[in-house]
Amino acid sequence: MNETVLIGLIPHLKSLHIATLVIWCGGLFALPLLLARHDPAVGQADYARIRQVSHYSYIYAITPAGLITIGVGTALIFLREVYVPWLFAKLVFVAVLVTFHGWVGHMIVQVAETKGKYMPPDPALPLILLMVPILVILVLVLAKPDLGEIPLPDWLTQPMDRQLPFAAPKP
Ligand code: HEM
C-alpha cells in the first residue's frame with residue numbers, strides 16, 4: 001500500500017478507535033452496575049437474564065471492542081508516528097484499564113461459578129476506580145502534554161564501542 005493510501009486511512013481508523021473505545025469503556029461502566037443486581041432476591045427468571053446479559057456482553061461485545069481499540073490504536077501509533085512520552089504514559093493507563101477489564105471478567109466468573117452466595121462489590125468502588133485511567137487517558141491524548149524526556153540509562157542511548165554478541169544480518 002502506498003503512503004497516500006495509508007495516510008488517508010487515519011481518519012477512518014481514528015473513528016473506529018473512538019467508536020470501539022466508547023463501547024469498551026461504556027461496557028466497563030455498565031458491568032459493575034449489572035453485577036450489583038446479581039441478587040437471587042430479584043427472582044429466578046430475572047437473575048438468569050441478568051447473568052446471561054453480563055456474560056454474553058462481556059464475551060461478545062465488550063472484550064472484542066477492547067481488542068479492536070487496542071489493535072487500531074497500535075496501528076495509529078505507526079501511521080501517526082507518535083513515538084512521544086504522552087503516548088507511553090497513555091499506554092501505562094491503558095494497562096490499568098486492561099487490568100480492570102480482567103477484574104470485571106473475574107467477578108462475572110465468580111458470580112456464575114461460586115457455590116453459595118457471591119456478592120460482587122458495591123458498584124461505587126469499581127466505578128470510581130475506572131474513572132481514574134479513563135480521565136487520565138483522555139487528558140493525555142487530547143492535551144498531548146509535553147512530558148519532556150524519559151530518563152534512560154546511558155547504555156541505552158550511547159554507543160558502547162563493543163561488538164554484537166551475534167552476527168548482524170547483511171542488508
Ligand atoms: C493500547 C491501546 C491504545 C493505543 C495504542 C492508542 C493509540 C492511539 C493513537 C496513536 C492515537 C492517535 C493520536 C494522534 O493522532 O495524535 C489515538 C487517538 C485517540 N485515542 Fe487512543 N489508544 C489506545 C487506547 C485508548 C483508550 C483506552 C482511550 C480512551 C479511554 C483512547 C482515546 C483516544 C482518543 C480520544 C483519541 C483521539 C485523539 C485525537 O485525535 O486528538 N485511546 N490513540
# chains A, B, ... in the order shown; residues from 1 in each chain; ligands from 1

call {"tool": "residues_near_ligand", "arguments": {"ligand": "ligand 1", "cutoff": "6 Å", "atoms": "only C-alpha atoms and all ligand atoms", "output": "list in words"}}
result
Leu21, Thr69, Ile70, Gly73, Thr74, Leu76, Ile77, Arg80, Leu91, Val94, Ile134, Ile137, Leu138, Val141 and Leu142 of chain A

call {"tool": "write_last_selection", "arguments": {"atoms": "all heavy atoms", "output": "mmCIF file, in the first residue's frame"}}
result
data_model
loop_
_atom_site.group_PDB
_atom_site.id
_atom_site.type_symbol
_atom_site.label_atom_id
_atom_site.label_comp_id
_atom_site.auth_asym_id
_atom_site.auth_seq_id
_atom_site.Cartn_x
_atom_site.Cartn_y
_atom_site.Cartn_z
ATOM 1 N N LEU A 21 -13.793 2.336 21.499
ATOM 2 C CA LEU A 21 -13.433 2.637 22.905
ATOM 3 C C LEU A 21 -14.665 3.102 23.680
ATOM 4 O O LEU A 21 -14.768 2.864 24.885
ATOM 5 C CB LEU A 21 -12.262 3.617 23.000
ATOM 6 C CG LEU A 21 -12.451 5.103 22.773
ATOM 7 C CD1 LEU A 21 -12.888 5.799 24.043
ATOM 8 C CD2 LEU A 21 -11.131 5.697 22.304
ATOM 9 N N THR A 69 -10.037 -1.696 19.892
ATOM 10 C CA THR A 69 -9.485 -0.392 20.299
ATOM 11 C C THR A 69 -7.962 -0.465 20.374
ATOM 12 O O THR A 69 -7.250 0.406 19.852
ATOM 13 C CB THR A 69 -10.026 0.011 21.702
ATOM 14 O OG1 THR A 69 -11.443 -0.008 21.661
ATOM 15 C CG2 THR A 69 -9.547 1.380 22.116
ATOM 16 N N ILE A 70 -7.468 -1.532 21.008
ATOM 17 C CA ILE A 70 -6.022 -1.663 21.190
ATOM 18 C C ILE A 70 -5.323 -1.912 19.848
ATOM 19 O O ILE A 70 -4.298 -1.302 19.539
ATOM 20 C CB ILE A 70 -5.718 -2.790 22.216
ATOM 21 C CG1 ILE A 70 -6.213 -2.355 23.599
ATOM 22 C CG2 ILE A 70 -4.225 -3.117 22.256
ATOM 23 C CD1 ILE A 70 -6.155 -3.425 24.665
ATOM 24 N N GLY A 73 -5.524 1.287 17.793
ATOM 25 C CA GLY A 73 -4.640 2.279 18.438
ATOM 26 C C GLY A 73 -3.182 1.981 18.109
ATOM 27 O O GLY A 73 -2.399 2.893 17.819
ATOM 28 N N THR A 74 -2.827 0.691 18.103
ATOM 29 C CA THR A 74 -1.438 0.319 17.791
ATOM 30 C C THR A 74 -1.100 0.704 16.347
ATOM 31 O O THR A 74 -0.022 1.240 16.071
ATOM 32 C CB THR A 74 -1.242 -1.207 18.011
ATOM 33 O OG1 THR A 74 -1.682 -1.512 19.324
ATOM 34 C CG2 THR A 74 0.202 -1.616 17.856
ATOM 35 N N LEU A 76 -2.428 3.116 14.722
ATOM 36 C CA LEU A 76 -2.344 4.587 14.672
ATOM 37 C C LEU A 76 -0.985 5.097 15.154
ATOM 38 O O LEU A 76 -0.497 6.122 14.685
ATOM 39 C CB LEU A 76 -3.467 5.201 15.519
ATOM 40 C CG LEU A 76 -4.861 5.236 14.873
ATOM 41 C CD1 LEU A 76 -5.923 5.629 15.892
ATOM 42 C CD2 LEU A 76 -4.882 6.208 13.696
ATOM 43 N N ILE A 77 -0.381 4.367 16.101
ATOM 44 C CA ILE A 77 0.946 4.801 16.593
ATOM 45 C C ILE A 77 1.903 4.923 15.407
ATOM 46 O O ILE A 77 2.603 5.913 15.241
ATOM 47 C CB ILE A 77 1.543 3.797 17.611
ATOM 48 C CG1 ILE A 77 0.675 3.707 18.847
ATOM 49 C CG2 ILE A 77 2.978 4.196 17.980
ATOM 50 C CD1 ILE A 77 1.196 2.724 19.896
ATOM 51 N N ARG A 80 0.637 7.604 12.642
ATOM 52 C CA ARG A 80 0.773 8.998 13.075
ATOM 53 C C ARG A 80 2.202 9.283 13.558
ATOM 54 O O ARG A 80 2.550 10.413 13.850
ATOM 55 C CB ARG A 80 -0.217 9.293 14.202
ATOM 56 C CG ARG A 80 -1.657 9.217 13.788
ATOM 57 C CD ARG A 80 -2.180 10.541 13.241
ATOM 58 N NE ARG A 80 -2.147 11.584 14.230
ATOM 59 C CZ ARG A 80 -1.578 12.778 14.080
ATOM 60 N NH1 ARG A 80 -0.974 13.072 12.952
ATOM 61 N NH2 ARG A 80 -1.612 13.662 15.040
ATOM 62 N N LEU A 91 -0.189 4.570 27.458
ATOM 63 C CA LEU A 91 -0.185 3.107 27.418
ATOM 64 C C LEU A 91 -0.145 2.508 28.821
ATOM 65 O O LEU A 91 -0.732 1.454 29.074
ATOM 66 C CB LEU A 91 0.992 2.597 26.578
ATOM 67 C CG LEU A 91 0.910 2.937 25.081
ATOM 68 C CD1 LEU A 91 2.071 2.316 24.331
ATOM 69 C CD2 LEU A 91 -0.414 2.464 24.483
ATOM 70 N N VAL A 94 -3.613 2.607 29.877
ATOM 71 C CA VAL A 94 -4.389 1.598 29.145
ATOM 72 C C VAL A 94 -4.172 0.234 29.827
ATOM 73 O O VAL A 94 -5.110 -0.553 29.977
ATOM 74 C CB VAL A 94 -3.984 1.535 27.657
ATOM 75 C CG1 VAL A 94 -4.643 0.342 26.966
ATOM 76 C CG2 VAL A 94 -4.380 2.816 26.926
ATOM 77 N N ILE A 134 -9.505 6.293 32.756
ATOM 78 C CA ILE A 134 -10.174 6.876 31.575
ATOM 79 C C ILE A 134 -9.922 8.387 31.514
ATOM 80 O O ILE A 134 -9.555 8.926 30.463
ATOM 81 C CB ILE A 134 -11.682 6.560 31.589
ATOM 82 C CG1 ILE A 134 -11.873 5.062 31.350
ATOM 83 C CG2 ILE A 134 -12.406 7.350 30.493
ATOM 84 C CD1 ILE A 134 -13.295 4.612 31.216
ATOM 85 N N ILE A 137 -6.275 9.050 30.585
ATOM 86 C CA ILE A 137 -6.018 8.753 29.157
ATOM 87 C C ILE A 137 -6.566 9.888 28.285
ATOM 88 O O ILE A 137 -5.903 10.372 27.367
ATOM 89 C CB ILE A 137 -6.668 7.409 28.747
ATOM 90 C CG1 ILE A 137 -5.943 6.246 29.394
ATOM 91 C CG2 ILE A 137 -6.652 7.238 27.225
ATOM 92 C CD1 ILE A 137 -6.614 4.897 29.214
ATOM 93 N N LEU A 138 -7.791 10.331 28.603
ATOM 94 C CA LEU A 138 -8.389 11.376 27.767
ATOM 95 C C LEU A 138 -7.597 12.682 27.856
ATOM 96 O O LEU A 138 -7.370 13.348 26.843
ATOM 97 C CB LEU A 138 -9.861 11.597 28.164
ATOM 98 C CG LEU A 138 -10.799 10.460 27.729
ATOM 99 C CD1 LEU A 138 -12.221 10.726 28.223
ATOM 100 C CD2 LEU A 138 -10.796 10.265 26.216
ATOM 101 N N VAL A 141 -4.340 12.169 25.810
ATOM 102 C CA VAL A 141 -4.479 12.074 24.355
ATOM 103 C C VAL A 141 -5.048 13.358 23.743
ATOM 104 O O VAL A 141 -4.752 13.689 22.600
ATOM 105 C CB VAL A 141 -5.302 10.822 23.975
ATOM 106 C CG1 VAL A 141 -6.772 11.051 24.115
ATOM 107 C CG2 VAL A 141 -4.992 10.377 22.575
ATOM 108 N N LEU A 142 -5.850 14.079 24.516
ATOM 109 C CA LEU A 142 -6.431 15.301 23.946
ATOM 110 C C LEU A 142 -5.530 16.512 24.158
ATOM 111 O O LEU A 142 -5.401 17.358 23.278
ATOM 112 C CB LEU A 142 -7.831 15.542 24.537
ATOM 113 C CG LEU A 142 -8.858 14.461 24.145
ATOM 114 C CD1 LEU A 142 -10.182 14.677 24.853
ATOM 115 C CD2 LEU A 142 -9.062 14.408 22.630
#

call {"tool": "atom_distance", "arguments": {"atom1": "CA of Pro120 in chain A", "atom2": "CA of Gly105 in chain A"}}
result
11.6 Å

call {"tool": "atom_distance", "arguments": {"atom1": "CA of Ala89 in chain A", "atom2": "CA of Leu28 in chain A"}}
result
21.1 Å

call {"tool": "select_by_dssp", "arguments": {"residues": "chain A", "states": "alpha helix (DSSP H)", "output": "NGL selection string"}}
result
:A and (3-35 or 44-57 or 63-80 or 85-113 or 124-143 or 154-157)

call {"tool": "write_last_selection", "arguments": {"atoms": "C-alpha atoms", "output": "CSV table (one decimal), in the first residue's frame"}}
result
chain,number,residue,atom,x,y,z
A,3,GLU,CA,1.9,6.2,1.7
A,4,THR,CA,-1.0,8.4,0.5
A,5,VAL,CA,-3.5,5.5,1.0
A,6,LEU,CA,-2.1,4.8,4.5
A,7,ILE,CA,-2.4,8.5,5.4
A,8,GLY,CA,-6.0,8.5,4.0
A,9,LEU,CA,-6.8,5.7,6.4
A,10,ILE,CA,-6.0,7.7,9.5
A,11,PRO,CA,-9.4,9.5,9.9
A,12,HIS,CA,-11.3,6.2,9.4
A,13,LEU,CA,-9.1,4.3,11.9
A,14,LYS,CA,-9.5,7.1,14.4
A,15,SER,CA,-13.3,7.0,14.1
A,16,LEU,CA,-13.2,3.2,14.6
A,17,HIS,CA,-10.8,3.7,17.6
A,18,ILE,CA,-13.2,6.1,19.2
A,19,ALA,CA,-16.4,4.1,18.4
A,20,THR,CA,-14.9,0.9,19.9
A,21,LEU,CA,-13.4,2.6,22.9
A,22,VAL,CA,-16.9,4.1,23.7
A,23,ILE,CA,-18.3,0.6,23.6
A,24,TRP,CA,-15.4,-0.8,25.7
A,25,CYS,CA,-15.4,1.9,28.3
A,26,GLY,CA,-19.3,2.1,28.4
A,27,GLY,CA,-19.4,-1.6,28.9
A,28,LEU,CA,-16.9,-1.4,31.8
A,29,PHE,CA,-19.1,1.2,33.5
A,30,ALA,CA,-22.3,-0.9,32.9
A,31,LEU,CA,-21.0,-4.3,34.0
A,32,PRO,CA,-20.3,-3.4,37.7
A,33,LEU,CA,-23.8,-1.9,37.9
A,34,LEU,CA,-25.3,-5.0,36.3
A,35,LEU,CA,-23.3,-7.3,38.6
A,44,GLN,CA,-35.1,-16.8,39.2
A,45,ALA,CA,-36.0,-15.5,35.8
A,46,ASP,CA,-34.6,-12.0,36.2
A,47,TYR,CA,-31.5,-13.4,37.9
A,48,ALA,CA,-30.8,-15.8,34.9
A,49,ARG,CA,-31.4,-13.0,32.4
A,50,ILE,CA,-29.0,-10.6,34.2
A,51,ARG,CA,-26.4,-13.3,34.4
A,52,GLN,CA,-26.7,-14.0,30.6
A,53,VAL,CA,-26.6,-10.4,29.7
A,54,SER,CA,-23.4,-9.7,31.7
A,55,HIS,CA,-21.8,-12.9,30.5
A,56,TYR,CA,-22.6,-12.6,26.8
A,57,SER,CA,-22.0,-8.8,26.6
A,63,THR,CA,-13.9,-7.7,25.1
A,64,PRO,CA,-13.9,-7.6,21.3
A,65,ALA,CA,-14.4,-3.8,21.4
A,66,GLY,CA,-11.4,-3.6,23.8
A,67,LEU,CA,-9.3,-5.7,21.5
A,68,ILE,CA,-10.2,-3.6,18.4
A,69,THR,CA,-9.5,-0.4,20.3
A,70,ILE,CA,-6.0,-1.7,21.2
A,71,GLY,CA,-5.3,-3.1,17.7
A,72,VAL,CA,-6.4,0.0,15.9
A,73,GLY,CA,-4.6,2.3,18.4
A,74,THR,CA,-1.4,0.3,17.8
A,75,ALA,CA,-1.8,0.9,14.0
A,76,LEU,CA,-2.3,4.6,14.7
A,77,ILE,CA,0.9,4.8,16.6
A,78,PHE,CA,2.8,3.9,13.4
A,79,LEU,CA,0.7,5.8,11.0
A,80,ARG,CA,0.8,9.0,13.1
A,85,PRO,CA,6.2,10.5,26.1
A,86,TRP,CA,2.5,11.3,26.4
A,87,LEU,CA,1.7,8.2,24.3
A,88,PHE,CA,3.9,6.0,26.5
A,89,ALA,CA,2.2,7.5,29.6
A,90,LYS,CA,-1.2,6.7,28.0
A,91,LEU,CA,-0.2,3.1,27.4
A,92,VAL,CA,0.6,2.7,31.1
A,93,PHE,CA,-3.0,3.8,31.9
A,94,VAL,CA,-4.4,1.6,29.1
A,95,ALA,CA,-2.7,-1.3,31.0
A,96,VAL,CA,-4.6,-0.2,34.1
A,97,LEU,CA,-7.8,-0.3,32.1
A,98,VAL,CA,-7.0,-3.8,30.8
A,99,THR,CA,-6.4,-4.9,34.4
A,100,PHE,CA,-9.8,-3.5,35.4
A,101,HIS,CA,-11.3,-5.4,32.4
A,102,GLY,CA,-9.8,-8.6,33.7
A,103,TRP,CA,-11.1,-7.9,37.2
A,104,VAL,CA,-14.6,-7.5,35.9
A,105,GLY,CA,-14.3,-10.8,34.0
A,106,HIS,CA,-13.1,-12.4,37.2
A,107,MET,CA,-16.2,-11.1,39.0
A,108,ILE,CA,-18.5,-12.5,36.3
A,109,VAL,CA,-16.9,-15.9,36.7
A,110,GLN,CA,-17.2,-15.7,40.5
A,111,VAL,CA,-20.9,-14.8,40.3
A,112,ALA,CA,-21.5,-17.7,37.9
A,113,GLU,CA,-19.4,-20.4,39.5
A,124,ALA,CA,-19.4,2.8,43.6
A,125,LEU,CA,-15.8,1.5,44.2
A,126,PRO,CA,-15.2,0.0,40.7
A,127,LEU,CA,-16.8,3.0,39.0
A,128,ILE,CA,-14.6,5.5,40.9
A,129,LEU,CA,-11.6,3.3,40.2
A,130,LEU,CA,-12.5,3.1,36.5
A,131,MET,CA,-12.8,6.9,36.1
A,132,VAL,CA,-9.1,7.4,37.0
A,133,PRO,CA,-7.5,5.6,34.0
A,134,ILE,CA,-10.2,6.9,31.6
A,135,LEU,CA,-9.9,10.5,32.6
A,136,VAL,CA,-6.0,10.4,32.6
A,137,ILE,CA,-6.0,8.8,29.2
A,138,LEU,CA,-8.4,11.4,27.8
A,139,VAL,CA,-6.4,14.3,29.2
A,140,LEU,CA,-3.1,12.8,27.8
A,141,VAL,CA,-4.5,12.1,24.4
A,142,LEU,CA,-6.4,15.3,23.9
A,143,ALA,CA,-4.0,17.8,25.6
A,154,ASP,CA,23.4,5.8,29.2
A,155,TRP,CA,23.9,2.3,27.9
A,156,LEU,CA,20.6,2.6,26.0
A,157,THR,CA,21.3,6.0,24.4

call {"tool": "closest_residue", "arguments": {"among": "A:Ala167, A:Val84, A:Val42, A:Ile59", "to": "Glu149 in chain A", "atoms": "only C-alpha atoms"}}
result
A:Val84

call {"tool": "atom_distance", "arguments": {"atom1": "CA of Val82 in chain A", "atom2": "CA of Leu152 in chain A"}}
result
18.5 Å
